[in-house]
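Written out below as structure tokens is the structure these notes cover.
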Amino acid sequence: MNHHDLIIAPVLSEKAVEGIQKSKYSFFVHPEANRTEIKDAVETVFGVNVTKINLMHVLGKEKTLGRYKGRRPRRKKAIVTLEDGQRIQELEGLT
């Protein structure tokens, strides 16, 4: 799998944007990606050094339309911690 295919999108919640100041960046990643693949992808795409990765599965919200109920798809979220002093320039305008 290509490195650009592993990282789907950055997370833009209030908590994730606050984490950018501490060199912690949150991304939605491919559901079958593991830690080493995510680390290699972030390091090659953004040119930074990763020290730690936390992974979590985010359950999709339940949605109702009339009497029908369904769920949005599940996603996998990675919180990537960079070395001290390193930043991802593409995401700096979010803070």
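Following the order of the structure tokens, chains are lettered A, B, ..., residues in each are numbered from 1, and ligands are numbered from 1.
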Item to complete: Write out as an NGL selection string each polymer residue whose atoms come within 7 Å of A:Phe46, counting only C-alpha atoms; drop sequence neighbours fewer than 3 positions from it.
Response: :A and (42-43 or 88)
Identify, with DSSP run on backbone atoms, the residues in chain A assigned to alpha helix (DSSP H), and express the list as a tab-separated table (two decimals) with N, CA and C atoms, in the first residue's frame.
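Once written, states_23.tsv looks like this:
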```
chain	number	residue	atom	x	y	z
A	3	HIS	N	2.20	5.05	0.72
A	3	HIS	CA	2.22	5.86	1.93
A	3	HIS	C	1.13	6.91	1.94
A	4	HIS	N	0.80	7.46	0.79
A	4	HIS	CA	-0.24	8.49	0.71
A	4	HIS	C	-1.63	7.90	0.90
A	5	ASP	N	-1.78	6.58	0.67
A	5	ASP	CA	-3.08	5.94	0.86
A	5	ASP	C	-3.34	5.61	2.32
A	6	LEU	N	-2.30	5.49	3.13
A	6	LEU	CA	-2.48	5.14	4.54
A	6	LEU	C	-3.07	6.29	5.34
A	14	GLU	N	-11.37	20.15	18.23
A	14	GLU	CA	-10.76	21.13	19.12
A	14	GLU	C	-9.62	20.52	19.93
A	15	LYS	N	-9.83	19.30	20.39
A	15	LYS	CA	-8.79	18.62	21.17
A	15	LYS	C	-7.57	18.30	20.31
A	16	ALA	N	-7.80	17.90	19.06
A	16	ALA	CA	-6.68	17.57	18.18
A	16	ALA	C	-5.87	18.81	17.81
A	17	VAL	N	-6.54	19.93	17.62
A	17	VAL	CA	-5.83	21.17	17.27
A	17	VAL	C	-5.01	21.67	18.47
A	18	GLU	N	-5.51	21.46	19.70
A	18	GLU	CA	-4.72	21.82	20.88
A	18	GLU	C	-3.48	20.95	21.01
A	19	GLY	N	-3.57	19.69	20.56
A	19	GLY	CA	-2.44	18.79	20.64
A	19	GLY	C	-1.30	19.16	19.71
A	35	ARG	N	1.15	0.12	13.28
A	35	ARG	CA	1.98	1.22	13.77
A	35	ARG	C	3.21	1.48	12.89
A	36	THR	N	3.88	0.45	12.47
A	36	THR	CA	5.10	0.65	11.68
A	36	THR	C	4.78	1.23	10.32
A	37	GLU	N	3.69	0.81	9.71
A	37	GLU	CA	3.30	1.39	8.43
A	37	GLU	C	2.92	2.86	8.57
A	38	ILE	N	2.21	3.19	9.64
A	38	ILE	CA	1.82	4.58	9.87
A	38	ILE	C	3.05	5.44	10.14
A	39	LYS	N	3.98	4.92	10.93
A	39	LYS	CA	5.21	5.66	11.22
A	39	LYS	C	5.99	5.93	9.94
A	40	ASP	N	6.17	4.92	9.09
A	40	ASP	CA	6.89	5.11	7.84
A	40	ASP	C	6.18	6.11	6.93
A	41	ALA	N	4.84	6.05	6.90
A	41	ALA	CA	4.07	6.95	6.05
A	41	ALA	C	4.22	8.40	6.50
A	42	VAL	N	4.10	8.66	7.80
A	42	VAL	CA	4.20	10.03	8.30
A	42	VAL	C	5.60	10.57	8.09
A	43	GLU	N	6.61	9.73	8.33
A	43	GLU	CA	7.99	10.19	8.17
A	43	GLU	C	8.33	10.49	6.72
A	44	THR	N	7.83	9.71	5.77
A	44	THR	CA	8.16	9.96	4.36
A	44	THR	C	7.33	11.08	3.76
A	45	VAL	N	6.05	11.16	4.12
A	45	VAL	CA	5.18	12.18	3.52
A	45	VAL	C	5.50	13.57	4.06
A	46	PHE	N	5.72	13.69	5.38
A	46	PHE	CA	5.92	15.00	5.99
A	46	PHE	C	7.37	15.31	6.31
```
Worksheet entry | Residue nearest A:Gly93 - candidates A:Ile20, A:Met1, A:Val11, A:Val48, atoms counted: only C-alpha atoms | A:Ile20
Worksheet item: Pick the closest to A:His57 from A:Glu83, A:Phe28, A:Lys69, A:Lys22: which is it, counting only C-alpha atoms?
Response: A:Phe28
Worksheet item: Mind pulling up the distance from atom CA of A:Glu92 to atom CA of A:Arg72?
Response: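 Rounded to one decimal, the two atoms are 29.4 Å apart.
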Fill in: strand (DSSP E or B) per DSSP on the backbone: members of chain A, as an MDAnalysis selection string
chainID A and resid 7:10 24:29 50:58 62:65 68:71 75:82
Discussion item. Using Å and a single decimal, report how far atom CA of A:Phe27 sits from atom CA of A:Leu82.
Written reply: 13.2 Å
